[in-house]
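File shown: input.txt (compact mmCIF, C-alpha atoms).
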# COMPACT_ATOMS: atom_id res chain seq x y z
CA MET A 1 39.58 16.07 227.61
CA ASN A 2 38.78 13.55 230.32
CA ASP A 3 41.36 13.29 233.05
CA LEU A 4 42.79 9.88 233.88
CA ASN A 5 41.20 10.07 237.31
CA ASN A 6 37.67 10.34 235.84
CA VAL A 7 36.02 7.26 237.34
CA ALA A 8 33.02 7.63 235.05
CA HIS A 9 34.97 5.78 232.37
CA PHE A 10 35.11 2.66 234.53
CA THR A 11 31.64 2.41 236.09
CA SER A 12 30.54 -0.13 233.46
CA ALA A 13 33.50 -2.43 234.09
CA ARG A 14 32.59 -5.81 235.57
CA SER A 15 36.00 -7.45 235.89
CA VAL A 16 39.59 -6.62 236.66
CA GLN A 17 40.44 -7.26 233.01
CA ASN A 18 37.84 -4.77 231.86
CA ALA A 19 39.12 -2.24 234.36
CA VAL A 20 42.69 -2.63 233.15
CA ASP A 21 41.51 -2.55 229.51
CA ASN A 22 39.59 0.68 230.01
CA ALA A 23 42.38 2.29 232.02
CA ALA A 24 44.89 1.48 229.29
CA ASN A 25 42.63 2.98 226.62
CA LEU A 26 42.29 6.20 228.56
CA ALA A 27 46.04 6.39 229.23
CA ILE A 28 46.74 5.89 225.52
CA GLN A 29 44.43 8.72 224.56
CA ASN A 30 45.64 11.01 227.34
CA ILE A 31 49.35 10.75 226.53
CA ARG A 32 48.56 10.99 222.84
CA TYR A 33 47.85 14.70 223.28
CA THR A 34 49.78 15.33 226.51
CA PRO A 35 53.20 13.65 226.14
CA LEU A 36 54.83 15.34 229.15
CA ILE A 37 57.13 17.45 227.00
CA SER A 38 57.91 19.90 229.78
CA THR A 39 58.91 17.22 232.32
CA ALA A 40 60.03 14.39 230.00
CA GLN A 41 59.45 12.05 232.93
CA THR A 42 58.68 9.04 230.72
CA LEU A 43 61.57 9.53 228.26
CA ASN A 44 63.51 6.26 228.10
CA ALA A 45 62.26 5.51 231.60
CA SER A 46 63.45 2.15 232.92
CA PRO A 47 61.61 1.18 235.02
CA PRO A 48 58.76 3.19 233.48
CA SER A 49 57.25 6.29 235.02
CA ALA A 50 53.70 7.49 235.64
CA CYS A 51 51.96 8.20 232.33
CA TRP A 52 50.63 11.61 233.33
CA GLY A 53 51.87 14.80 234.89
CA THR A 54 50.49 14.35 238.40
CA GLY A 55 53.09 11.69 239.11
CA THR A 56 50.55 9.24 240.53
CA SER A 57 49.67 5.99 238.79
CA ALA A 58 46.53 4.85 240.60
CA LEU A 59 43.20 4.98 238.74
CA ALA A 60 40.00 4.43 240.68
CA SER A 61 37.80 1.84 238.95
CA GLN A 62 34.42 0.50 239.99
CA GLU A 63 33.94 -3.28 239.75
CA GLY A 64 30.34 -3.70 240.80
CA SER A 65 30.45 -2.77 244.44
CA THR A 66 34.22 -3.21 244.60
CA SER A 67 36.67 -0.40 243.96
CA VAL A 68 39.79 -1.42 241.98
CA ASN A 69 42.99 0.58 241.56
CA VAL A 70 44.77 0.18 238.23
CA ASP A 71 48.34 1.38 237.65
CA ILE A 72 49.48 2.49 234.19
CA TRP A 73 53.21 3.07 233.72
CA CYS A 74 54.86 4.50 230.58
CA SER A 75 58.23 4.55 228.88
CA THR A 76 58.66 6.80 225.81
CA VAL A 77 61.18 6.79 223.00
CA TRP A 78 61.44 9.95 220.86
CA ASN A 79 62.47 9.53 217.21
CA PRO A 80 62.80 13.11 215.88
CA SER A 81 63.89 12.04 212.38
CA SER A 82 61.09 9.51 211.96
CA ALA A 83 57.45 9.92 210.94
CA ASN A 84 56.67 7.84 214.03
CA THR A 85 58.00 10.36 216.49
CA ARG A 86 56.92 8.67 219.72
CA VAL A 87 56.81 5.01 220.65
CA VAL A 88 55.25 4.51 224.08
CA THR A 89 55.16 1.26 226.03
CA PHE A 90 52.29 1.08 228.55
CA SER A 91 52.52 -1.39 231.44
CA ALA A 92 49.14 -1.87 233.14
CA CYS A 93 48.54 -3.77 236.39
CA PRO A 94 46.01 -3.93 239.21
CA ALA A 95 47.75 -1.97 241.96
CA SER A 96 47.23 -4.79 244.46
CA GLN A 97 49.11 -7.30 242.27
CA SER A 98 52.07 -5.18 241.14
CA PRO A 99 52.46 -2.20 243.46
CA THR A 100 55.60 -0.72 241.87
CA ALA A 101 56.62 0.43 238.40
CA SER A 102 59.47 -2.10 238.17
CA SER A 103 57.34 -5.06 239.25
CA CYS A 104 54.57 -4.12 236.83
CA ALA A 105 57.01 -3.63 233.94
CA ALA A 106 58.63 -7.01 234.63
CA ALA A 107 55.29 -8.88 234.63
CA PRO A 108 52.51 -6.62 233.32
CA PHE A 109 48.87 -7.65 233.44
CA LEU A 110 48.53 -5.83 230.09
CA GLN A 111 51.32 -4.49 227.89
CA VAL A 112 50.49 -2.04 225.08
CA VAL A 113 52.89 -0.47 222.58
CA ALA A 114 51.55 2.56 220.68
CA THR A 115 53.17 4.77 218.06
CA TYR A 116 52.31 8.44 217.64
CA ASP A 117 53.03 10.75 214.70
CA ASP A 118 53.68 14.30 215.96
CA TYR A 119 55.82 15.78 213.20
CA PRO A 120 54.24 17.35 210.14
CA SER A 121 56.52 18.48 207.33
CA GLY A 122 58.79 21.32 208.41
CA VAL A 123 58.89 20.48 212.13
CA ILE A 124 62.31 18.93 212.68
CA SER A 125 62.75 18.96 216.44
CA ALA A 126 60.73 17.83 219.42
CA PRO A 127 57.64 20.04 219.69
CA THR A 128 57.36 22.56 222.48
CA THR A 129 54.44 22.46 224.86
CA ALA A 130 52.74 25.17 222.80
CA GLN A 131 53.36 23.32 219.53
CA CYS A 132 51.99 20.14 221.02
CA VAL A 133 48.51 21.67 221.13
CA VAL A 134 48.66 21.73 217.34
CA TYR A 135 50.92 18.82 216.42
CA CYS A 136 50.92 16.07 219.04
CA GLY A 137 48.90 12.98 218.32
CA THR A 138 48.38 13.77 214.63
CA GLY A 139 48.38 10.02 214.03
CA MET A 140 48.34 6.95 216.26
CA THR A 141 48.90 3.23 215.76
CA VAL A 142 48.53 0.53 218.41
CA ASN A 143 51.39 -1.82 217.60
CA SER A 144 50.58 -4.53 220.13
CA TRP A 145 48.08 -5.34 222.90
CA GLU A 146 49.31 -8.26 224.98
CA TRP A 147 47.69 -9.80 228.05
CA SER A 148 50.09 -11.34 230.57
CA PRO A 149 52.98 -10.90 228.13
CA VAL A 150 56.44 -12.29 228.53
CA VAL A 151 58.69 -9.24 228.72
CA PRO A 152 62.09 -10.03 227.18
CA THR A 153 65.26 -9.82 229.22
CA VAL A 154 68.88 -9.51 228.13
CA THR A 155 71.37 -11.38 230.28
CA GLY A 156 74.55 -11.13 228.22
CA LEU A 157 76.36 -10.24 224.98
CA SER A 158 78.89 -12.42 223.15
CA ALA A 159 80.84 -9.31 222.09
CA THR A 160 80.84 -6.22 224.27
CA SER A 161 82.89 -3.90 222.06
CA GLY A 162 83.63 -3.06 218.45
CA PRO A 163 84.63 -0.22 216.10
CA ILE A 164 82.43 2.83 215.55
CA THR A 165 82.11 1.81 211.91
CA GLY A 166 79.78 -0.96 213.06
CA GLY A 167 79.57 -4.48 211.69
CA THR A 168 80.43 -6.39 214.86
CA SER A 169 78.39 -9.59 215.21
CA VAL A 170 76.80 -9.78 218.67
CA THR A 171 74.92 -12.78 220.02
CA ILE A 172 72.39 -11.62 222.60
CA THR A 173 71.31 -14.09 225.26
CA GLY A 174 68.23 -13.71 227.41
CA THR A 175 64.61 -14.77 227.62
CA GLY A 176 61.30 -14.07 225.92
CA PHE A 177 62.61 -13.57 222.38
CA VAL A 178 59.85 -14.06 219.80
CA SER A 179 60.39 -15.36 216.26
CA GLY A 180 59.36 -12.86 213.58
CA ALA A 181 58.40 -10.21 216.12
CA THR A 182 61.64 -9.19 217.80
CA SER A 183 63.67 -6.04 217.18
CA VAL A 184 67.05 -4.97 218.55
CA ASN A 185 68.07 -1.38 219.33
CA PHE A 186 71.27 0.26 220.53
CA VAL A 187 70.47 3.10 222.97
CA GLU A 188 73.24 5.58 223.82
CA GLU A 189 74.00 5.59 227.55
CA SER A 190 76.03 7.60 230.03
CA GLY A 191 76.42 6.88 233.71
CA GLY A 192 74.06 3.93 233.57
CA SER A 193 71.17 5.83 231.97
CA PRO A 194 70.16 6.78 228.42
CA THR A 195 71.58 10.11 227.30
CA GLY A 196 69.35 13.15 227.09
CA ASP A 197 69.63 13.42 223.30
CA ASN A 198 67.98 9.99 223.04
CA VAL A 199 70.14 8.38 220.35
CA VAL A 200 68.40 5.11 219.42
CA LEU A 201 69.82 3.04 216.56
CA SER A 202 68.18 0.00 214.98
CA ALA A 203 70.32 -3.10 214.48
CA SER A 204 69.76 -5.82 211.91
CA SER A 205 69.21 -9.13 213.67
CA VAL A 206 68.45 -12.82 213.23
CA TRP A 207 66.27 -14.73 215.73
CA ASN A 208 67.94 -17.97 216.83
CA SER A 209 65.67 -19.08 219.66
CA SER A 210 63.62 -17.75 222.53
CA THR A 211 66.92 -17.19 224.37
CA SER A 212 69.28 -16.12 221.57
CA ILE A 213 69.45 -13.43 218.88
CA THR A 214 72.37 -12.53 216.62
CA ALA A 215 72.57 -8.82 215.78
CA THR A 216 74.98 -6.65 213.81
CA ALA A 217 76.16 -3.55 215.65
CA PRO A 218 75.22 -0.37 213.73
CA ALA A 219 77.72 2.39 212.98
CA VAL A 220 77.70 5.37 215.35
CA ILE A 221 78.84 8.98 215.11
CA THR A 222 78.30 9.99 218.74
CA GLY A 223 78.90 8.38 222.11
CA THR A 224 80.90 5.27 222.98
CA LYS A 225 78.56 3.15 225.12
CA TYR A 226 75.14 1.79 224.17
CA PHE A 227 72.51 -0.34 225.87
CA VAL A 228 71.43 -3.28 223.70
CA THR A 229 67.68 -3.77 224.05
CA VAL A 230 65.28 -6.37 222.71
CA THR A 231 61.65 -5.50 221.95
CA THR A 232 58.82 -7.98 221.40
CA PRO A 233 55.02 -7.57 221.54
CA GLY A 234 55.47 -8.23 225.26
CA GLY A 235 57.61 -5.12 225.76
CA THR A 236 61.23 -4.01 225.83
CA SER A 237 64.02 -5.41 227.97
CA ALA A 238 65.20 -3.22 230.84
CA TYR A 239 68.55 -1.43 230.80
CA GLY A 240 71.26 -3.15 232.77
CA SER A 241 74.99 -3.68 233.13
CA ASN A 242 74.86 -6.95 231.18
CA ASP A 243 73.66 -5.32 227.97
CA VAL A 244 76.21 -2.50 227.40
CA PHE A 245 78.18 -2.45 224.15
CA THR A 246 81.26 -0.19 223.98
CA TYR A 247 82.42 1.32 220.71
CA SER A 248 86.13 1.78 220.20
CA LEU A 249 87.03 4.95 218.33
CA VAL A 250 89.31 4.63 215.30
CA ALA A 251 91.51 7.20 213.60
CA PRO A 252 89.65 8.83 210.70
CA THR A 253 90.53 8.29 207.07
CA VAL A 254 89.60 10.45 204.09
CA THR A 255 89.05 8.62 200.81
CA GLY A 256 87.83 11.47 198.63
CA PHE A 257 84.78 13.57 197.91
CA GLY A 258 81.19 12.43 198.33
CA SER A 259 79.01 11.71 195.33
CA GLY A 260 78.07 14.93 193.57
CA SER A 261 80.28 17.08 195.79
CA LEU A 262 81.97 20.19 194.50
CA THR A 263 85.76 19.80 194.33
CA SER A 264 86.63 23.44 193.67
CA GLY A 265 85.44 26.88 194.66
CA SER A 266 86.14 30.56 195.07
CA THR A 267 89.12 31.90 196.99
CA ALA A 268 86.53 33.81 199.04
CA GLY A 269 85.48 30.48 200.55
CA GLY A 270 81.89 29.48 201.27
CA THR A 271 81.74 26.36 199.10
CA SER A 272 79.91 23.38 200.65
CA VAL A 273 81.99 20.23 200.26
CA THR A 274 81.04 16.61 201.04
CA VAL A 275 83.93 14.50 202.31
CA ALA A 276 83.93 10.68 202.24
CA GLY A 277 85.96 8.41 204.50
CA THR A 278 85.72 6.43 207.74
CA GLY A 279 85.82 7.07 211.47
CA PHE A 280 83.98 10.41 211.38
CA VAL A 281 82.37 11.38 214.70
CA THR A 282 80.41 14.36 216.00
CA GLY A 283 82.83 17.18 216.81
CA ALA A 284 85.26 16.31 214.00
CA ILE A 285 87.48 19.15 212.76
CA VAL A 286 88.13 19.60 209.04
CA LYS A 287 91.26 21.37 207.82
CA PHE A 288 92.49 22.61 204.43
CA THR A 289 96.29 22.36 204.02
CA GLU A 290 98.02 24.02 201.06
CA GLU A 291 99.76 21.50 198.84
CA SER A 292 102.12 21.48 195.89
CA GLY A 293 103.23 18.46 193.90
CA GLY A 294 101.40 16.03 196.17
CA ALA A 295 102.94 17.29 199.42
CA ALA A 296 102.10 19.97 201.95
CA VAL A 297 103.98 23.21 201.35
CA SER A 298 106.59 24.39 203.82
CA PRO A 299 106.08 26.42 205.88
CA SER A 300 102.65 24.86 206.14
CA VAL A 301 99.49 26.84 205.43
CA VAL A 302 96.57 25.24 207.33
CA LEU A 303 93.06 26.68 207.40
CA ALA A 304 90.01 25.43 209.28
CA GLY A 305 86.81 24.60 207.43
CA THR A 306 83.56 25.84 208.95
CA SER A 307 80.02 24.53 209.53
CA VAL A 308 81.17 20.91 209.83
CA SER A 309 78.20 18.51 209.89
CA VAL A 310 78.81 14.79 210.43
CA ALA A 311 76.08 12.87 208.59
CA SER A 312 77.50 9.43 209.37
CA ASP A 313 80.76 7.75 210.25
CA THR A 314 81.61 7.78 206.52
CA SER A 315 80.33 11.17 205.38
CA LEU A 316 80.48 14.80 206.47
CA THR A 317 80.02 18.24 204.95
CA VAL A 318 82.21 21.31 205.45
CA VAL A 319 82.29 24.87 204.14
CA SER A 320 85.61 25.85 202.55
CA PRO A 321 87.57 28.72 204.17
CA ALA A 322 88.78 31.79 202.31
CA VAL A 323 92.40 31.69 201.10
CA THR A 324 94.98 34.31 200.16
CA ALA A 325 97.60 31.96 198.76
CA GLY A 326 97.88 28.83 196.71
CA THR A 327 95.27 27.08 194.61
CA THR A 328 95.14 23.46 195.84
CA TYR A 329 94.58 22.18 199.36
CA PHE A 330 94.47 18.75 201.01
CA ILE A 331 91.34 18.11 203.08
CA THR A 332 91.92 16.26 206.36
CA VAL A 333 89.65 15.23 209.23
CA THR A 334 90.70 15.30 212.89
CA THR A 335 88.92 13.49 215.75
CA PRO A 336 90.08 12.64 219.29
CA GLN A 337 91.67 9.54 217.76
CA GLY A 338 93.91 11.30 215.27
CA THR A 339 94.11 13.05 211.91
CA SER A 340 93.62 11.50 208.49
CA ALA A 341 96.55 11.35 206.07
CA TYR A 342 96.93 13.59 203.02
CA VAL A 343 95.42 11.90 199.96
CA ASN A 344 95.44 13.13 196.36
CA SER A 345 91.81 12.07 195.97
CA ALA A 346 90.78 14.79 198.45
CA ILE A 347 92.47 17.90 197.05
CA PHE A 348 90.24 20.97 196.83
CA THR A 349 91.09 23.48 194.10
CA TYR A 350 90.57 27.20 194.50
CA SER A 351 89.93 29.42 191.52
CA GLY A 352 92.93 31.64 190.69
CA LEU A 353 93.86 34.42 193.08
CA VAL A 354 94.85 37.69 191.37
CA PRO A 355 97.83 39.21 193.22
CA VAL A 356 97.45 42.42 195.21
CA VAL A 357 100.30 44.81 196.11
CA ALA A 358 99.67 46.58 199.43
CA PHE A 359 102.92 48.53 199.88
CA VAL A 360 106.63 48.56 199.07
CA SER A 361 109.68 49.40 201.17
CA PRO A 362 111.56 51.57 200.54
CA THR A 363 109.40 53.77 198.32
CA SER A 364 112.18 55.38 196.28
CA GLY A 365 115.50 54.67 194.58
CA SER A 366 118.02 55.94 192.05
CA THR A 367 117.77 55.94 188.25
CA ALA A 368 120.66 53.50 188.20
CA GLY A 369 118.44 50.83 189.74
CA GLY A 370 119.63 48.16 192.12
CA THR A 371 117.63 49.32 195.15
CA SER A 372 116.52 46.32 197.23
CA VAL A 373 112.72 46.53 197.52
CA THR A 374 110.37 44.40 199.66
CA ILE A 375 106.88 44.09 198.19
CA THR A 376 104.06 43.12 200.53
CA GLY A 377 100.61 41.92 199.43
CA THR A 378 98.67 38.74 198.68
CA GLY A 379 98.42 36.08 196.01
CA PHE A 380 102.14 35.82 195.33
CA VAL A 381 103.32 32.50 193.89
CA THR A 382 106.64 31.08 192.73
CA GLY A 383 107.45 32.40 189.24
CA ALA A 384 105.79 35.78 189.80
CA THR A 385 107.33 38.75 187.97
CA VAL A 386 107.61 42.34 189.14
CA THR A 387 107.28 45.33 186.81
CA PHE A 388 107.71 49.06 187.37
CA VAL A 389 105.16 50.97 185.20
CA GLN A 390 105.61 54.73 184.76
CA GLU A 391 102.64 56.79 185.93
CA SER A 392 101.44 60.37 185.90
CA GLY A 393 98.57 61.77 187.92
CA GLY A 394 97.58 58.32 189.15
CA THR A 395 97.35 56.76 185.69
CA ALA A 396 99.87 54.77 183.67
CA VAL A 397 101.36 56.89 180.89
CA SER A 398 100.45 56.12 177.30
CA PRO A 399 102.11 54.61 175.47
CA THR A 400 103.15 52.34 178.32
CA VAL A 401 106.64 52.74 179.72
CA SER A 402 107.65 49.82 181.94
CA PHE A 403 110.79 48.22 183.31
CA PRO A 404 111.12 44.69 184.76
CA ALA A 405 112.60 44.32 188.21
CA THR A 406 115.57 42.01 188.71
CA ASN A 407 116.53 39.46 191.36
CA VAL A 408 112.86 38.64 192.05
CA ASN A 409 112.49 36.26 194.98
CA VAL A 410 109.05 35.09 196.14
CA ILE A 411 109.49 34.71 199.89
CA GLY A 412 105.89 33.64 200.45
CA SER A 413 102.33 34.26 199.36
CA THR A 414 102.49 37.75 200.92
CA SER A 415 106.08 38.87 200.35
CA ILE A 416 108.50 39.34 197.44
CA SER A 417 111.98 40.85 197.37
CA ALA A 418 113.36 42.40 194.17
CA SER A 419 115.89 44.93 192.86
CA SER A 420 114.52 48.08 191.25
CA PRO A 421 115.33 48.42 187.53
CA ALA A 422 117.36 51.18 185.93
CA ALA A 423 114.81 53.74 184.75
CA THR A 424 114.32 57.37 183.87
CA ALA A 425 113.36 59.72 186.68
CA GLY A 426 109.71 59.72 187.61
CA THR A 427 107.11 57.79 189.56
CA TYR A 428 106.25 54.18 188.89
CA PHE A 429 103.51 51.75 189.83
CA VAL A 430 104.92 48.50 191.23
CA THR A 431 102.96 45.54 189.86
CA VAL A 432 103.14 41.79 190.39
CA THR A 433 102.09 39.31 187.71
CA THR A 434 101.25 35.60 188.23
CA PRO A 435 99.51 33.06 185.99
CA THR A 436 96.18 34.33 187.34
CA GLY A 437 96.67 38.03 186.56
CA THR A 438 98.43 41.30 187.34
CA SER A 439 97.94 43.47 190.38
CA SER A 440 96.22 46.83 189.92
CA ASN A 441 98.12 50.10 189.59
CA SER A 442 98.06 51.45 193.13
CA VAL A 443 101.44 51.50 194.92
CA VAL A 444 104.00 54.04 193.70
CA PHE A 445 107.82 53.95 193.76
CA THR A 446 109.78 57.16 193.00
CA VAL A 447 112.91 57.08 190.82
CA SER A 448 115.23 60.08 191.08
Using the file provided, produce a representation of the structure as C-alpha cells.
Amino acid sequence: MNDLNNVAHFTSARSVQNAVDNAANLAIQNIRYTPLISTAQTLNASPPSACWGTGTSALASQEGSTSVNVDIWCSTVWNPSSANTRVVTFSACPASQSPTASSCAAAPFLQVVATYDDYPSGVISAPTTAQCVVYCGTGMTVNSWEWSPVVPTVTGLSATSGPITGGTSVTITGTGFVSGATSVNFVEESGGSPTGDNVVLSASSVWNSSTSITATAPAVITGTKYFVTVTTPGGTSAYGSNDVFTYSLVAPTVTGFGSGSLTSGSTAGGTSVTVAGTGFVTGAIVKFTEESGGAAVSPSVVLAGTSVSVASDTSLTVVSPAVTAGTTYFITVTTPQGTSAYVNSAIFTYSGLVPVVAFVSPTSGSTAGGTSVTITGTGFVTGATVTFVQESGGTAVSPTVSFPATNVNVIGSTSISASSPAATAGTYFVTVTTPTGTSSNSVVFTVS
C-alpha cells in the first residue's frame, strides 16, 4: 500500500486544488485499511488529529516546479452496533493557508466525510489490529465532498437539561445549518472530552433556519452529560462548553414484564426475565423480594438477580436467583436515584418447592409424646403438617404406621417447631408436608 508521503501520487497535479484533491483521496484510502486502532488518535478528535500513525500531517506535493504541502486532518466516530462502523471527517488544507488542525477544521479548503463498513456478521466489538487486516474497509461510501465548506457551529441551547427518559425539546442556535442535510447527535462527555466508550446518540430534529434547529433529546442509559453536535456536508461542529446537555436521573419505576417475557421459573433459578419500566440506567440492580397477599413478607426475604443487562431506559433483562422459600416474588430495580415500588404486575412465580428435612432436635422422646421438637430444613410454608412415620432398617414399615405431630408452628421457611405424638416404641422418620409435596424419609426420631 502506498504511504501518504509517496510524492509520486502528486507529480501530475497542476494546481493547489488538484494537490488537495489527490491528498484527500490518498488519505481516504490509507485510513480505510489502517484506522489507527492501536493509538485511537483520531477517535472523536476535536480539533481533528493527523490521519496516519506518524503523527505528521504534511504531504509533499509537486505543482509544476513548486512544492506544495497539504495537511489532512481526521476525526473518527466508531459505531460498533451499526453496519457503518466508522464515520471519518477529513479536513484538507494547504499547509501555508491553515497551519494548524483547529484552523483547518474551522475553515477547510476541502471537507470530506466517508463511511466505512468494518463489521461482518459475528464481529460485535471494535476490531483488533490483527482483525483489521481482514475486516477493516470491507465497504466504503463517500458521503460528502465539499470545497470551501461552511462548517457548522453551535453557540447555545435553549434547554440545557432534561430527564434520562428523553423527550426534551432543545432549540440549537449557531451557524452553517443546512436545510435537508443537517443531523444532530448527542455525544457522551466527561471532563470536557468525549468518553472513551464513544456513546453517540442520534436525535430527531427539525431545521428552522441556517442558525436554528429544534431537536428532541434522546433517552440515555449511561452518563449524564452530552455534547450536542450538528453535522452538515461541511462537517461537524466542534465540542464546546456552550453545547453541553445534562441529563437528570430519575427514580426507576417497574411497570411489569416485557413483551414475551417469562413470568415464572424453577426454584433453582436461571430464568431470563425481561422487565419493563422507566429510569433504567447502566449499573442498575434487580432484586426479588418474597411476597404474600400483595405485600412483602416479614421478615423480608430479598434476593439479587444476576446478569443484569440494561437494553434501554425502559427495558432490562435479569436472570432469576435460586430460592429456598416462597413461590412469588416482587421484582424491583435500584439505581443511584432510588428503588422502584412493589407492583403486582411484576410478580415472578417460582414452581413449587418440595420441603426438605435436614435434622431434628432433640432426636428422641417418650411414647407418651409431648416432646418439643425443632425441625430444620427448607421449603417450609404456613400450613405445613408434620408426621412421624415408623421405619425399620431405613425403610417405612408396611403397612404404613404414622402419627401426626401436634402444636405445629412454622417459624420460617427453614424452621418448624412441633410436639412429638404419642406413639409405640420404635424409630420414626420425621416428614413435613406442604401443598407442593412431602419431604423424603431421611431424618429419624427415636420413641422409647
So that I can check the surroundings of Leu43 (chain A), please list as a PyMOL selection string every protein, DNA and RNA residue that reaches within 7 Å of it, counting all atoms listed in the file and ignoring chain neighbours fewer than 4 positions away.
chain A and resi 75-77
Distance in Å - CA of Ala423 (chain A) versus CA of Gly437 (chain A):
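Atom-to-atom, CA of Ala423 (chain A) to CA of Gly437 (chain A), that is 24.1 Å.
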Residues within 10 Å of (93.0, 16.4, 207.3), counting all atoms listed in the file, listed as a PDB file with C-alpha atoms, in the coordinates of the input:
ATOM      1  CA  PRO A 252      89.650   8.830 210.700  1.00  0.00           C
ATOM      2  CA  THR A 253      90.530   8.290 207.070  1.00  0.00           C
ATOM      3  CA  VAL A 254      89.600  10.450 204.090  1.00  0.00           C
ATOM      4  CA  ILE A 285      87.480  19.150 212.760  1.00  0.00           C
ATOM      5  CA  VAL A 286      88.130  19.600 209.040  1.00  0.00           C
ATOM      6  CA  LYS A 287      91.260  21.370 207.820  1.00  0.00           C
ATOM      7  CA  PHE A 288      92.490  22.610 204.430  1.00  0.00           C
ATOM      8  CA  THR A 289      96.290  22.360 204.020  1.00  0.00           C
ATOM      9  CA  VAL A 302      96.570  25.240 207.330  1.00  0.00           C
ATOM     10  CA  ALA A 304      90.010  25.430 209.280  1.00  0.00           C
ATOM     11  CA  TYR A 329      94.580  22.180 199.360  1.00  0.00           C
ATOM     12  CA  PHE A 330      94.470  18.750 201.010  1.00  0.00           C
ATOM     13  CA  ILE A 331      91.340  18.110 203.080  1.00  0.00           C
ATOM     14  CA  THR A 332      91.920  16.260 206.360  1.00  0.00           C
ATOM     15  CA  VAL A 333      89.650  15.230 209.230  1.00  0.00           C
ATOM     16  CA  THR A 334      90.700  15.300 212.890  1.00  0.00           C
ATOM     17  CA  THR A 335      88.920  13.490 215.750  1.00  0.00           C
ATOM     18  CA  GLY A 338      93.910  11.300 215.270  1.00  0.00           C
ATOM     19  CA  THR A 339      94.110  13.050 211.910  1.00  0.00           C
ATOM     20  CA  SER A 340      93.620  11.500 208.490  1.00  0.00           C
ATOM     21  CA  ALA A 341      96.550  11.350 206.070  1.00  0.00           C
ATOM     22  CA  TYR A 342      96.930  13.590 203.020  1.00  0.00           C
ATOM     23  CA  VAL A 343      95.420  11.900 199.960  1.00  0.00           C
ATOM     24  CA  ALA A 346      90.780  14.790 198.450  1.00  0.00           C
TER      25      ALA A 346
END
From the options A:Ser144, A:Thr438, A:Thr446, A:Ser413, which residue's atoms come nearest to Ser361 (chain A), counting all atoms listed in the file?
A:Thr446
The residue from A:Thr175, A:Thr395, A:Ser420, A:Gln29 with the smallest atom-to-atom distance to Thr231 (chain A), counting all atoms listed in the file, is A:Thr175
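Across A:Gly326, A:Pro35, A:Gly174, A:Gly352, the tightest approach to Glu291 (chain A) is made by A:Gly326 when counting only C-alpha atoms.
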Have a look at CA of Gly394 (chain A) and CA of Ser442 (chain A) and let me know their distance in Å, one decimal.
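A separation of 8.0 Å between them.
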Output region 123-165 of chain A from the block with C-alpha atoms, as a tab-separated table (two decimals), in the first residue's frame?
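What landed in selection_5.tsv:
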chain	number	residue	atom	x	y	z
A	123	VAL	CA	-17.94	-9.34	14.93
A	124	ILE	CA	-19.60	-7.26	17.64
A	125	SER	CA	-16.78	-5.13	19.02
A	126	ALA	CA	-14.14	-2.85	17.58
A	127	PRO	CA	-11.66	-4.97	15.61
A	128	THR	CA	-8.18	-5.53	16.94
A	129	THR	CA	-5.17	-4.56	14.88
A	130	ALA	CA	-4.87	-8.17	13.73
A	131	GLN	CA	-8.56	-8.38	12.81
A	132	CYS	CA	-8.30	-5.15	10.88
A	133	VAL	CA	-6.11	-6.85	8.28
A	134	VAL	CA	-9.14	-8.99	7.46
A	135	TYR	CA	-12.12	-6.78	8.27
A	136	CYS	CA	-11.32	-3.08	8.02
A	137	GLY	CA	-12.51	-1.25	4.96
A	138	THR	CA	-14.85	-4.01	3.79
A	139	GLY	CA	-17.06	-1.28	2.37
A	140	MET	CA	-16.71	2.47	1.87
A	141	THR	CA	-19.05	5.32	0.98
A	142	VAL	CA	-18.05	8.95	0.42
A	143	ASN	CA	-20.93	10.84	1.99
A	144	SER	CA	-19.86	14.34	1.00
A	145	TRP	CA	-17.05	16.18	-0.81
A	146	GLU	CA	-17.25	19.90	-0.15
A	147	TRP	CA	-14.88	22.63	-1.34
A	148	SER	CA	-14.56	25.64	0.97
A	149	PRO	CA	-17.45	24.36	3.09
A	150	VAL	CA	-19.16	26.23	5.86
A	151	VAL	CA	-18.51	24.17	8.97
A	152	PRO	CA	-21.45	24.46	11.38
A	153	THR	CA	-21.01	25.89	14.84
A	154	VAL	CA	-23.18	25.57	17.94
A	155	THR	CA	-23.35	28.66	20.11
A	156	GLY	CA	-26.14	27.78	22.54
A	157	LEU	CA	-29.01	25.52	23.63
A	158	SER	CA	-32.48	26.67	24.71
A	159	ALA	CA	-32.66	23.82	27.25
A	160	THR	CA	-29.51	22.50	28.86
A	161	SER	CA	-31.01	19.68	30.93
A	162	GLY	CA	-33.77	17.10	30.94
A	163	PRO	CA	-34.71	13.62	32.20
A	164	ILE	CA	-32.85	10.50	31.10
A	165	THR	CA	-36.07	9.26	29.53
